[in-house]
>>> print(open('my_file_5.txt').read())   # compact mmCIF, C-alpha atoms
# COMPACT_ATOMS: atom_id res chain seq x y z
CA MET A 1 6.63 7.25 -63.61
CA LYS A 2 3.76 9.57 -62.78
CA PHE A 3 3.18 7.59 -59.58
CA LYS A 4 6.82 8.04 -58.54
CA LEU A 5 6.64 11.79 -59.21
CA LEU A 6 3.41 12.06 -57.24
CA LEU A 7 4.95 10.11 -54.33
CA ALA A 8 8.04 12.32 -54.30
CA PHE A 9 5.91 15.50 -54.44
CA SER A 10 3.75 14.25 -51.55
CA PHE A 11 6.87 13.49 -49.48
CA TRP A 12 8.32 16.99 -49.95
CA MET A 13 4.96 18.60 -49.17
CA LEU A 14 4.87 16.60 -45.92
CA VAL A 15 8.42 17.68 -45.03
CA MET A 16 7.56 21.32 -45.71
CA ALA A 17 4.39 21.05 -43.64
CA VAL A 18 6.28 19.59 -40.69
CA SER A 19 8.97 22.25 -41.07
CA CYS A 20 6.40 25.00 -41.16
CA ASN A 21 4.67 23.61 -38.07
CA LYS A 22 7.98 23.40 -36.21
CA ASP A 23 8.91 26.95 -37.17
CA ASP A 24 5.49 28.20 -36.15
CA ILE A 25 5.90 27.00 -32.51
CA SER A 26 6.29 29.98 -30.21
CA PHE A 27 7.63 29.77 -26.67
CA ASP A 28 6.64 32.31 -24.03
CA ALA A 29 8.17 33.29 -20.73
CA PRO A 30 6.74 31.31 -17.79
CA SER A 31 3.97 33.09 -15.90
CA GLN A 32 3.58 30.38 -13.25
CA GLU A 33 6.02 28.47 -11.09
CA LEU A 34 7.27 25.10 -12.29
CA SER A 35 6.59 21.96 -10.29
CA PHE A 36 8.99 19.11 -9.57
CA SER A 37 8.81 15.40 -8.85
CA LYS A 38 10.90 16.09 -5.74
CA ASP A 39 12.30 19.19 -4.10
CA THR A 40 15.32 17.44 -2.56
CA VAL A 41 17.54 14.74 -4.07
CA PHE A 42 19.17 12.62 -1.37
CA CYS A 43 21.99 10.89 -3.22
CA ASP A 44 23.42 7.62 -2.02
CA THR A 45 26.42 7.87 0.33
CA VAL A 46 29.37 8.06 -2.02
CA TYR A 47 33.06 7.37 -1.67
CA HIS A 48 36.18 9.22 -2.71
CA GLN A 49 36.31 9.42 -6.54
CA VAL A 50 33.54 6.84 -6.97
CA ARG A 51 30.59 7.94 -9.07
CA SER A 52 27.16 7.61 -7.52
CA GLU A 53 24.02 6.20 -9.03
CA THR A 54 22.11 8.49 -11.37
CA TYR A 55 19.05 10.17 -9.88
CA ALA A 56 16.19 11.73 -11.84
CA VAL A 57 14.09 14.84 -11.22
CA LYS A 58 11.10 15.61 -13.43
CA VAL A 59 10.25 19.26 -14.15
CA TYR A 60 6.62 19.96 -15.06
CA ASN A 61 5.10 22.78 -17.09
CA ASN A 62 1.56 23.09 -15.75
CA GLU A 63 0.70 26.05 -17.96
CA ASP A 64 -1.49 25.96 -21.03
CA LYS A 65 1.30 27.33 -23.22
CA ASP A 66 4.80 26.40 -24.38
CA ILE A 67 7.50 28.10 -22.33
CA LEU A 68 11.20 28.86 -22.37
CA ILE A 69 12.80 28.50 -18.94
CA PRO A 70 15.33 31.38 -18.99
CA ARG A 71 17.98 29.63 -16.91
CA ILE A 72 18.62 26.30 -15.13
CA HIS A 73 21.98 26.02 -13.37
CA LEU A 74 23.93 24.61 -10.45
CA GLU A 75 24.35 27.21 -7.72
CA LYS A 76 28.05 26.37 -7.36
CA GLY A 77 28.58 26.29 -11.10
CA ALA A 78 31.66 24.57 -12.49
CA THR A 79 33.06 24.06 -8.97
CA SER A 80 30.12 21.85 -7.92
CA LEU A 81 30.74 18.25 -6.95
CA TYR A 82 27.52 17.36 -8.78
CA LYS A 83 26.96 16.80 -12.48
CA ILE A 84 23.59 17.37 -14.13
CA ASN A 85 22.09 16.50 -17.48
CA VAL A 86 19.12 18.62 -18.60
CA ASP A 87 16.89 17.03 -21.21
CA GLY A 88 19.75 14.97 -22.62
CA LYS A 89 22.49 17.63 -22.48
CA PRO A 90 25.30 17.56 -19.86
CA GLY A 91 26.55 20.74 -18.24
CA TYR A 92 26.10 23.02 -15.25
CA ASP A 93 24.41 26.11 -16.78
CA PHE A 94 21.57 26.06 -19.32
CA LYS A 95 19.80 29.00 -20.98
CA ASP A 96 16.36 29.17 -22.62
CA VAL A 97 15.29 25.59 -22.03
CA PRO A 98 12.07 24.84 -23.97
CA LEU A 99 9.22 22.96 -22.31
CA ARG A 100 5.95 22.26 -24.11
CA LYS A 101 2.62 22.90 -22.44
CA LYS A 102 1.47 20.24 -19.96
CA ASP A 103 4.74 18.44 -20.59
CA SER A 104 7.81 17.59 -18.53
CA LEU A 105 11.56 17.20 -18.88
CA TYR A 106 14.13 15.13 -17.01
CA ILE A 107 17.13 16.39 -15.09
CA PHE A 108 19.60 13.63 -14.22
CA VAL A 109 21.92 14.10 -11.22
CA GLU A 110 25.07 12.30 -10.09
CA ILE A 111 28.10 13.00 -7.93
CA ALA A 112 31.73 11.80 -8.07
CA PRO A 113 33.42 13.74 -5.29
CA GLU A 114 36.83 14.24 -3.76
CA ALA A 115 37.00 13.49 -0.02
CA ASP A 116 39.44 14.98 2.47
CA ASP A 117 37.72 13.93 5.71
CA PRO A 118 36.34 10.58 6.96
CA GLU A 119 32.81 11.86 6.36
CA ALA A 120 31.48 15.14 5.01
CA ILE A 121 28.31 16.63 3.53
CA ALA A 122 28.10 17.56 -0.15
CA GLU A 123 25.31 20.02 -0.89
CA ASP A 124 24.30 22.14 -3.86
CA LYS A 125 21.14 23.42 -5.55
CA ILE A 126 19.67 23.32 -9.03
CA LEU A 127 18.29 26.83 -9.53
CA PHE A 128 15.44 27.69 -11.90
CA GLN A 129 15.15 31.37 -12.80
CA SER A 130 12.17 32.89 -14.59
CA PRO A 131 9.79 35.88 -14.38
CA ALA A 132 7.64 33.73 -12.07
CA GLY A 133 10.48 33.75 -9.53
CA GLN A 134 13.48 31.64 -8.51
CA GLN A 135 12.90 28.01 -7.55
CA GLN A 136 15.29 25.32 -6.43
CA VAL A 137 15.88 21.60 -6.01
CA VAL A 138 18.35 20.77 -3.22
CA LEU A 139 21.06 18.16 -3.83
CA PHE A 140 22.40 16.40 -0.75
CA SER A 141 24.83 13.55 -0.16
CA VAL A 142 27.20 12.14 2.44
CA VAL A 143 30.74 11.76 1.14
CA GLN A 144 33.15 9.31 2.73
CA ASP A 145 36.86 8.97 2.27
CA ALA A 146 37.67 5.39 1.32
CA GLU A 147 40.41 2.80 1.17
CA PHE A 148 40.11 0.19 -1.59
CA PHE A 149 40.96 -3.52 -1.51
CA ILE A 150 40.77 -4.82 -5.08
CA GLU A 151 41.38 -8.41 -6.16
CA THR A 152 42.92 -8.76 -9.64
CA PRO A 153 44.78 -11.53 -11.50
CA THR A 154 48.05 -9.96 -10.32
CA ASN A 155 46.83 -8.96 -6.83
CA PRO A 156 45.32 -11.81 -4.75
CA ASN A 157 44.18 -9.18 -2.18
CA VAL A 158 45.57 -10.91 0.93
CA ILE A 159 46.14 -9.40 4.39
CA SER A 160 49.32 -11.28 5.29
CA SER A 161 50.20 -9.66 8.63
CA ASP A 162 48.22 -8.45 11.64
CA ALA A 163 46.22 -5.32 10.79
CA THR A 164 43.84 -2.84 12.37
CA TRP A 165 41.09 -1.01 10.50
CA THR A 166 39.90 2.31 11.96
CA ASN A 167 36.96 4.50 11.01
CA ASN A 168 39.08 7.19 9.35
CA LYS A 169 38.21 5.70 5.94
CA ALA A 170 35.49 3.41 4.66
CA LYS A 171 36.82 0.06 3.41
CA ILE A 172 35.65 -0.86 -0.10
CA ILE A 173 36.24 -4.47 -1.19
CA TYR A 174 36.22 -5.61 -4.82
CA GLY A 175 36.46 -9.38 -5.29
CA ASP A 176 37.58 -11.44 -2.30
CA LEU A 177 39.66 -10.06 0.53
CA THR A 178 41.56 -12.87 2.27
CA ILE A 179 42.89 -12.83 5.84
CA ASP A 180 45.86 -15.17 5.70
CA GLN A 181 46.50 -18.08 8.05
CA ASN A 182 47.20 -17.12 11.66
CA VAL A 183 46.72 -13.40 10.90
CA ILE A 184 44.54 -11.13 13.09
CA LEU A 185 42.36 -8.39 11.64
CA ASP A 186 40.89 -5.95 14.18
CA ILE A 187 38.03 -3.74 12.97
CA GLN A 188 37.56 -0.77 15.28
CA PRO A 189 34.32 1.05 16.34
CA GLY A 190 32.48 3.00 13.67
CA THR A 191 34.29 1.38 10.74
CA LYS A 192 32.23 0.85 7.60
CA VAL A 193 33.08 -2.11 5.35
CA TYR A 194 31.44 -2.16 1.93
CA PHE A 195 31.47 -5.09 -0.50
CA HIS A 196 31.01 -4.69 -4.24
CA LYS A 197 28.73 -7.10 -6.11
CA ASN A 198 30.01 -10.72 -5.96
CA SER A 199 32.63 -9.75 -3.37
CA GLY A 200 33.33 -11.08 0.10
CA MET A 201 35.86 -11.84 2.82
CA LYS A 202 37.70 -15.10 3.51
CA VAL A 203 39.22 -15.88 6.90
CA LEU A 204 41.69 -18.76 6.58
CA SER A 205 42.59 -21.47 9.10
CA GLY A 206 44.07 -20.09 12.32
CA ALA A 207 43.16 -16.51 11.41
CA THR A 208 41.07 -14.29 13.69
CA LEU A 209 38.53 -11.65 12.75
CA ASN A 210 37.76 -9.23 15.59
CA ILE A 211 34.85 -6.87 14.93
CA ASN A 212 34.97 -4.41 17.82
CA GLY A 213 31.96 -2.10 17.60
CA THR A 214 30.35 -0.20 20.47
CA LEU A 215 26.78 0.79 21.26
CA ALA A 216 27.36 4.30 19.91
CA ASN A 217 29.59 3.23 17.01
CA ASN A 218 28.56 -0.03 15.38
CA VAL A 219 30.74 -1.66 12.75
CA VAL A 220 28.75 -1.92 9.50
CA LEU A 221 29.37 -4.61 6.87
CA ARG A 222 27.17 -4.40 3.79
CA GLY A 223 27.05 -3.95 0.02
CA ASP A 224 28.55 -0.83 -1.51
CA ARG A 225 25.20 0.38 -2.86
CA ASN A 226 24.41 2.50 0.13
CA ASP A 227 21.00 3.90 -0.78
CA PRO A 228 18.51 2.99 2.00
CA ALA A 229 16.48 1.03 -0.56
CA TYR A 230 19.24 -1.60 -0.56
CA ASP A 231 18.87 -2.21 3.18
CA THR A 232 16.03 -4.61 2.37
CA ILE A 233 17.48 -6.21 -0.77
CA PRO A 234 19.68 -9.33 -0.41
CA LYS A 235 22.51 -10.67 -2.59
CA ASN A 236 24.37 -7.38 -2.98
CA TRP A 237 27.56 -9.20 -1.91
CA ASN A 238 28.60 -12.76 -1.02
CA SER A 239 29.57 -13.56 2.59
CA ILE A 240 32.20 -13.56 5.30
CA LYS A 241 33.57 -17.08 4.89
CA MET A 242 35.27 -18.51 7.95
CA GLU A 243 37.36 -21.58 7.14
CA ALA A 244 38.13 -24.53 9.44
CA GLY A 245 40.04 -23.47 12.54
CA SER A 246 39.26 -19.76 12.16
CA ASN A 247 38.01 -17.51 14.96
CA LEU A 248 35.39 -14.77 15.08
CA ASN A 249 34.75 -12.23 17.83
CA MET A 250 31.94 -9.87 16.88
CA ASN A 251 30.44 -7.17 19.07
CA TYR A 252 28.05 -4.37 18.08
CA ALA A 253 28.09 -5.13 14.38
CA ARG A 254 25.54 -4.84 11.58
CA LEU A 255 25.65 -7.31 8.68
CA LEU A 256 23.12 -6.90 5.90
CA GLY A 257 22.27 -7.41 2.28
CA GLY A 258 24.31 -10.42 1.08
CA THR A 259 23.93 -14.07 0.09
CA ARG A 260 25.13 -15.52 3.41
CA GLY A 261 26.17 -13.42 6.38
CA LEU A 262 28.57 -15.57 8.40
CA ASP A 263 29.52 -18.71 6.45
CA MET A 264 31.40 -20.78 9.04
CA LYS A 265 33.05 -24.20 8.94
CA GLN A 266 34.54 -25.55 12.18
CA THR A 267 34.74 -21.99 13.44
CA ASN A 268 34.81 -20.70 17.00
CA ALA A 269 32.52 -17.66 17.12
CA ILE A 270 31.49 -15.27 19.89
CA ILE A 271 28.75 -12.87 18.78
CA SER A 272 27.26 -10.12 20.95
CA ASN A 273 24.91 -7.15 20.53
CA SER A 274 24.64 -7.47 16.76
CA PHE A 275 22.15 -7.33 13.90
CA ILE A 276 22.24 -9.80 10.99
CA HIS A 277 19.51 -9.36 8.41
CA THR A 278 18.51 -9.50 4.75
CA PHE A 279 20.43 -12.44 3.31
CA GLN A 280 19.36 -14.54 0.34
CA GLU A 281 20.15 -17.86 2.04
CA TYR A 282 21.34 -17.76 5.67
CA GLY A 283 22.27 -15.08 8.17
CA ILE A 284 24.44 -17.62 10.01
CA TYR A 285 25.49 -20.80 8.17
CA ALA A 286 27.48 -22.95 10.59
CA VAL A 287 29.06 -26.35 9.85
CA ALA A 288 30.40 -28.25 12.90
CA SER A 289 31.07 -24.92 14.58
CA THR A 290 30.93 -23.53 18.10
CA VAL A 291 28.79 -20.40 18.34
CA ASN A 292 28.07 -18.45 21.52
CA ALA A 293 25.69 -15.56 20.86
CA LYS A 294 23.81 -13.08 23.05
CA ASN A 295 21.70 -10.02 22.32
CA LEU A 296 21.50 -10.98 18.67
CA VAL A 297 18.75 -9.79 16.31
CA MET A 298 18.12 -11.54 12.98
CA ASN A 299 15.47 -11.17 10.25
CA ASN A 300 14.73 -11.42 6.54
CA CYS A 301 16.78 -14.47 5.54
CA GLY A 302 15.60 -16.72 2.72
CA GLU A 303 16.38 -20.28 3.85
CA SER A 304 16.90 -19.70 7.56
CA ALA A 305 18.17 -16.99 9.87
CA ILE A 306 20.38 -19.64 11.52
CA GLY A 307 21.40 -22.78 9.65
CA ILE A 308 23.22 -25.46 11.71
CA PHE A 309 24.84 -28.37 9.86
CA LYS A 310 26.92 -31.33 11.02
CA GLY A 311 26.05 -30.52 14.60
CA GLY A 312 28.38 -28.43 16.70
CA THR A 313 27.80 -26.53 19.93
CA HIS A 314 25.48 -23.53 19.84
CA ASN A 315 24.29 -21.22 22.63
CA TYR A 316 21.88 -18.35 21.99
CA ILE A 317 20.65 -16.15 24.84
CA HIS A 318 18.57 -12.94 24.90
CA SER A 319 18.19 -13.08 21.11
CA THR A 320 15.38 -12.32 18.69
CA ILE A 321 15.34 -14.58 15.65
CA ALA A 322 12.25 -13.26 13.85
CA ASN A 323 12.34 -14.22 10.20
CA TYR A 324 9.89 -12.28 8.06
CA SER A 325 10.26 -11.45 4.37
CA ASN A 326 7.89 -10.36 1.62
CA LEU A 327 10.70 -10.39 -0.94
CA LEU A 328 11.82 -13.95 -0.12
CA HIS A 329 8.34 -15.41 0.34
CA SER A 330 9.07 -18.48 -1.84
CA TYR A 331 11.93 -19.61 0.44
CA ASN A 332 11.69 -21.67 3.65
CA ARG A 333 12.27 -18.69 5.96
CA ASN A 334 13.04 -20.74 9.09
CA GLY A 335 14.16 -19.07 12.26
CA ILE A 336 16.48 -21.98 13.13
CA PHE A 337 17.25 -25.00 10.97
CA ALA A 338 19.45 -27.70 12.54
CA THR A 339 20.68 -31.08 11.33
CA ASN A 340 23.42 -33.57 12.18
CA GLU A 341 24.31 -33.91 8.50
CA TRP A 342 26.21 -31.84 5.95
CA ILE A 343 27.02 -32.54 2.30
CA ASN A 344 30.59 -31.52 1.56
CA GLY A 345 32.01 -30.15 -1.67
CA SER A 346 32.58 -33.68 -2.99
CA GLY A 347 28.94 -34.62 -2.51
CA GLN A 348 29.65 -36.86 0.49
CA THR A 349 27.50 -36.75 3.61
CA GLU A 350 29.29 -35.99 6.87
CA GLN A 351 27.70 -36.26 10.31
CA GLY A 352 28.31 -34.74 13.73
CA ALA A 353 26.81 -34.38 17.21
CA LEU A 354 24.68 -31.35 18.07
CA ILE A 355 24.25 -29.42 21.30
CA LEU A 356 21.87 -26.43 21.00
CA ASN A 357 20.76 -24.21 23.87
CA VAL A 358 18.34 -21.32 23.30
CA ARG A 359 17.39 -19.29 26.36
CA ASN A 360 15.37 -16.16 27.03
CA SER A 361 14.85 -15.69 23.32
CA ILE A 362 12.22 -15.32 20.60
CA VAL A 363 12.26 -17.61 17.56
CA TYR A 364 9.43 -16.54 15.27
CA SER A 365 8.56 -16.48 11.59
CA ASP A 366 5.78 -15.65 9.16
CA ARG A 367 5.64 -19.39 8.41
CA ASP A 368 3.67 -21.90 10.48
CA ASN A 369 6.88 -23.14 12.05
CA SER A 370 9.96 -21.14 13.01
CA VAL A 371 12.10 -24.17 13.88
CA ASN A 372 12.99 -27.20 11.76
CA PHE A 373 15.08 -30.01 13.25
CA GLU A 374 16.33 -32.98 11.21
CA GLN A 375 17.78 -35.49 13.65
CA THR A 376 20.02 -38.22 12.26
CA PRO A 377 19.55 -41.64 13.91
CA GLY A 378 22.56 -42.64 15.97
CA GLN A 379 23.86 -39.09 16.27
CA LEU A 380 23.65 -36.98 19.42
CA PHE A 381 21.04 -34.24 19.05
CA ASN A 382 20.58 -32.40 22.34
CA PHE A 383 18.59 -29.17 22.46
CA VAL A 384 16.97 -26.93 25.06
CA PHE A 385 14.48 -24.07 24.67
CA GLU A 386 14.18 -22.34 28.03
CA ASN A 387 12.04 -19.24 28.72
CA CYS A 388 11.46 -18.77 25.00
CA LEU A 389 8.65 -17.78 22.67
CA LEU A 390 8.40 -19.97 19.55
CA LYS A 391 6.24 -20.02 16.46
CA TYR A 392 5.28 -23.69 16.47
CA SER A 393 2.86 -25.71 14.33
CA ASN A 394 3.30 -29.43 14.88
CA THR A 395 5.83 -32.15 15.62
CA SER A 396 6.12 -33.39 12.05
CA GLU A 397 7.17 -29.95 10.76
CA ALA A 398 9.28 -28.86 13.72
CA GLY A 399 10.95 -32.22 14.29
CA PHE A 400 10.18 -32.27 18.02
CA PRO A 401 7.12 -32.19 20.31
CA PHE A 402 6.50 -28.97 22.21
CA ASP A 403 4.11 -29.87 25.02
CA SER A 404 5.38 -32.02 27.91
CA ASN A 405 8.86 -32.03 26.39
CA PRO A 406 11.65 -31.92 28.98
CA SER A 407 13.78 -30.03 26.44
CA VAL A 408 11.17 -27.24 26.27
CA ILE A 409 11.32 -25.45 29.64
CA GLN A 410 8.90 -22.69 30.68
CA SER A 411 8.42 -21.67 27.07
CA ILE A 412 5.34 -20.55 25.16
CA LYS A 413 4.24 -20.81 21.56
CA ASN A 414 2.29 -18.74 19.02
CA GLN A 415 1.80 -15.63 21.15
>>> encode(input="my_file_5.txt", output="structure tokens")
Amino acid sequence: MKFKLLLAFSFWMLVMAVSCNKDDISFDAPSQELSFSKDTVFCDTVYHQVRSETYAVKVYNNEDKDILIPRIHLEKGATSLYKINVDGKPGYDFKDVPLRKKDSLYIFVEIAPEADDPEAIAEDKILFQSPAGQQQVVLFSVVQDAEFFIETPTNPNVISSDATWTNNKAKIIYGDLTIDQNVILDIQPGTKVYFHKNSGMKVLSGATLNINGTLANNVVLRGDRNDPAYDTIPKNWNSIKMEAGSNLNMNYARLLGGTRGLDMKQTNAIISNSFIHTFQEYGIYAVASTVNAKNLVMNNCGESAIGIFKGGTHNYIHSTIANYSNLLHSYNRNGIFATNEWINGSGQTEQGALILNVRNSIVYSDRDNSVNFEQTPGQLFNFVFENCLLKYSNTSEAGFPFDSNPSVIQSIKNQ
């Protein structure tokens, strides 16, 4: 019994001691300027009524005393497009914010704006007012008006008649967007198409996808996480899947950040002046397809920048297929992989003839070999490298000899 009384008495003495210590803390007015982890917060490009990521700013008290920051607030107050959270409390205006000596606090920032124009700038400031003077952290973001295409159990998300997309609104796709059979979708210069995680586009048999960018106004197709950090991260969305008998015409386009870029089966594709980079598996995955490409740049693809299966006819001219990736270093990272064979969805092996012409181009990689050919006996496998630079190791890895090969014309290796 005495032990229990002693334990209880000790507990209450401890509580009182802590309480006294807490009450004894005194906070002074700042006599020095605060410091910040960043003086400008560049928020991700955001879309109409879509909340951005949350960004963090750390505020440091470099003084040798505890301080009360008299006021932290958004310059535009309650009308601001931004929302802030100061040390765990949401709001837009905060008074007498305590900050212990040599300590820091977090301010979290996000934006969920309204958009009236195709693209606008959202700007505000977090102001810090104290006897040491007024300081600020600038908040900056690009806001885009957007049109949403959302697949649900009751909405299959199908474009069932010819359509044209212009750059007046960004296109945001959730789930799969399907272009129906024999339908034409034209995407005009400057249009931005964003795919949510695990989303993509399907182009059915007989349908045509026309991506009509220009030098000054590329068409961009990428994941909807638009922070520049995601430019070098794959698998943010799935692919553009072209089914048998579909058609692709792509000029001045940028595809980046998915699992496969162009996933084509028996597709007729014309590709010009475009960039395809940062895909988990393939930038171009072509099964028994016809691809004519020029002025194409590709990089940062896990398995291969170009994957050719079940043959087909492929022409690449004035292109740079340079596959480098630190992130995907455990993958094969070929520049071009080509084979006569393809394993279909039923697990059966199908074969086809191949014609591949690469001219005035660079095919390079951070691997010993940038090209890997697997030729099936009895199947046509014709290829030409003319006026090209290749990363080349040996015949056994590449699948063909380089020197004194009539299919390798005025080309050089490993330079």
>>> closest_residue(input="my_file_5.txt", among="A:Gln135, A:Asn295, A:Ser205, A:Asn334", to="Thr320 in chain A", atoms="all atoms listed in the file")
A:Asn295
>>> closest_residue(input="my_file_5.txt", among="A:Asn218, A:Leu296, A:His329, A:Gly223", to="Pro189 in chain A", atoms="all atoms listed in the file")
A:Asn218
>>> residues_around(input="my_file_5.txt", residues="range 151-154 of chain A", least_positions_apart="4", cutoff="7 Å", atoms="all atoms listed in the file", output="list in words")
Tyr174, Gly175 and Asp176 of chain A
>>> closest_residue(input="my_file_5.txt", among="A:Ile276, A:Val86, A:Ile308, A:Leu68", to="Ala353 in chain A", atoms="all atoms listed in the file")
A:Ile308
>>> atom_distance(input="my_file_5.txt", atom1="CA of Asn182 in chain A", atom2="CA of Thr267 in chain A")
13.5 Å
>>> residues_around(input="my_file_5.txt", residues="Tyr285 in chain A", least_positions_apart="5", cutoff="9 Å", atoms="all atoms listed in the file", output="NGL selection string")
:A and (260-265 or 304-309)
>>> write_last_selection(input="my_file_5.txt", atoms="C-alpha atoms", output="compact mmCIF listing (two decimals), in the coordinates of the input")
# COMPACT_ATOMS: atom_id res chain seq x y z
CA ARG A 260 25.13 -15.52 3.41
CA GLY A 261 26.17 -13.42 6.38
CA LEU A 262 28.57 -15.57 8.40
CA ASP A 263 29.52 -18.71 6.45
CA MET A 264 31.40 -20.78 9.04
CA LYS A 265 33.05 -24.20 8.94
CA SER A 304 16.90 -19.70 7.56
CA ALA A 305 18.17 -16.99 9.87
CA ILE A 306 20.38 -19.64 11.52
CA GLY A 307 21.40 -22.78 9.65
CA ILE A 308 23.22 -25.46 11.71
CA PHE A 309 24.84 -28.37 9.86
>>> closest_residue(input="my_file_5.txt", among="A:Pro156, A:Gly312, A:Pro90, A:Gly352", to="Ala269 in chain A", atoms="all atoms listed in the file")
A:Gly312
>>> residues_around(input="my_file_5.txt", residues="range 26-31 of chain A", least_positions_apart="4", cutoff="6 Å", atoms="only C-alpha atoms", output="list in words")
Asp66, Ile67, Leu68 and Ala132 of chain A
>>> closest_residue(input="my_file_5.txt", among="A:Phe373, A:Phe128, A:Phe195, A:Tyr252", to="Asn226 in chain A", atoms="only C-alpha atoms")
A:Phe195
>>> atom_distance(input="my_file_5.txt", atom1="CA of Val109 in chain A", atom2="CA of Asn85 in chain A")
6.7 Å
>>> closest_residue(input="my_file_5.txt", among="A:Gly200, A:Gly345, A:Gly206, A:Gly213", to="Gln188 in chain A", atoms="only C-alpha atoms")
A:Gly213
>>> residues_around(input="my_file_5.txt", residues="Pro406 in chain A", least_positions_apart="3", cutoff="10 Å", atoms="all atoms listed in the file", output="ChimeraX atom specification")
/A:383-386,401-403,409-410
>>> residues_around(input="my_file_5.txt", residues="Ser141 in chain A", least_positions_apart="4", cutoff="8 Å", atoms="all atoms listed in the file", output="PyMOL selection string")
chain A and resi 42-46+121-123
>>> residues_near_point(input="my_file_5.txt", point="(26.7, -21.9, 16.6)", cutoff="6 Å", atoms="only C-alpha atoms", output="ChimeraX atom specification")
/A:289-291,313-314
>>> build_atoms(input="my_file_5.txt", residues="range 363-374 of chain A", atoms="N, CA, C and O atoms", output="mmCIF file, in the coordinates of the input")
data_model
loop_
_atom_site.group_PDB
_atom_site.id
_atom_site.type_symbol
_atom_site.label_atom_id
_atom_site.label_comp_id
_atom_site.auth_asym_id
_atom_site.auth_seq_id
_atom_site.Cartn_x
_atom_site.Cartn_y
_atom_site.Cartn_z
ATOM 1 N N VAL A 363 11.999 -17.007 18.872
ATOM 2 C CA VAL A 363 12.260 -17.610 17.560
ATOM 3 C C VAL A 363 10.923 -17.636 16.841
ATOM 4 O O VAL A 363 10.062 -18.466 17.137
ATOM 5 N N TYR A 364 10.741 -16.716 15.896
ATOM 6 C CA TYR A 364 9.430 -16.540 15.270
ATOM 7 C C TYR A 364 9.618 -16.377 13.764
ATOM 8 O O TYR A 364 10.711 -16.137 13.271
ATOM 9 N N SER A 365 8.491 -16.519 13.050
ATOM 10 C CA SER A 365 8.560 -16.480 11.590
ATOM 11 C C SER A 365 7.172 -16.181 11.058
ATOM 12 O O SER A 365 6.168 -16.297 11.771
ATOM 13 N N ASP A 366 7.096 -15.796 9.779
ATOM 14 C CA ASP A 366 5.780 -15.650 9.160
ATOM 15 C C ASP A 366 5.314 -16.975 8.543
ATOM 16 O O ASP A 366 4.284 -17.042 7.895
ATOM 17 N N ARG A 367 6.090 -18.049 8.776
ATOM 18 C CA ARG A 367 5.640 -19.390 8.410
ATOM 19 C C ARG A 367 4.962 -20.054 9.611
ATOM 20 O O ARG A 367 5.005 -19.546 10.716
ATOM 21 N N ASP A 368 4.355 -21.209 9.379
ATOM 22 C CA ASP A 368 3.670 -21.900 10.480
ATOM 23 C C ASP A 368 4.650 -22.351 11.557
ATOM 24 O O ASP A 368 4.305 -22.465 12.728
ATOM 25 N N ASN A 369 5.880 -22.624 11.141
ATOM 26 C CA ASN A 369 6.880 -23.140 12.050
ATOM 27 C C ASN A 369 8.157 -22.311 11.940
ATOM 28 O O ASN A 369 8.634 -22.049 10.830
ATOM 29 N N SER A 370 8.722 -21.916 13.053
ATOM 30 C CA SER A 370 9.960 -21.140 13.010
ATOM 31 C C SER A 370 11.194 -22.007 13.210
ATOM 32 O O SER A 370 12.316 -21.544 13.026
ATOM 33 N N VAL A 371 10.988 -23.267 13.607
ATOM 34 C CA VAL A 371 12.100 -24.170 13.880
ATOM 35 C C VAL A 371 11.925 -25.444 13.080
ATOM 36 O O VAL A 371 10.817 -25.965 12.949
ATOM 37 N N ASN A 372 13.028 -25.950 12.519
ATOM 38 C CA ASN A 372 12.990 -27.200 11.760
ATOM 39 C C ASN A 372 14.220 -28.019 12.128
ATOM 40 O O ASN A 372 15.344 -27.650 11.802
ATOM 41 N N PHE A 373 13.999 -29.125 12.839
ATOM 42 C CA PHE A 373 15.080 -30.010 13.250
ATOM 43 C C PHE A 373 15.034 -31.293 12.410
ATOM 44 O O PHE A 373 13.973 -31.899 12.255
ATOM 45 N N GLU A 374 16.192 -31.699 11.896
ATOM 46 C CA GLU A 374 16.330 -32.980 11.210
ATOM 47 C C GLU A 374 17.371 -33.792 11.960
ATOM 48 O O GLU A 374 18.576 -33.574 11.812
#
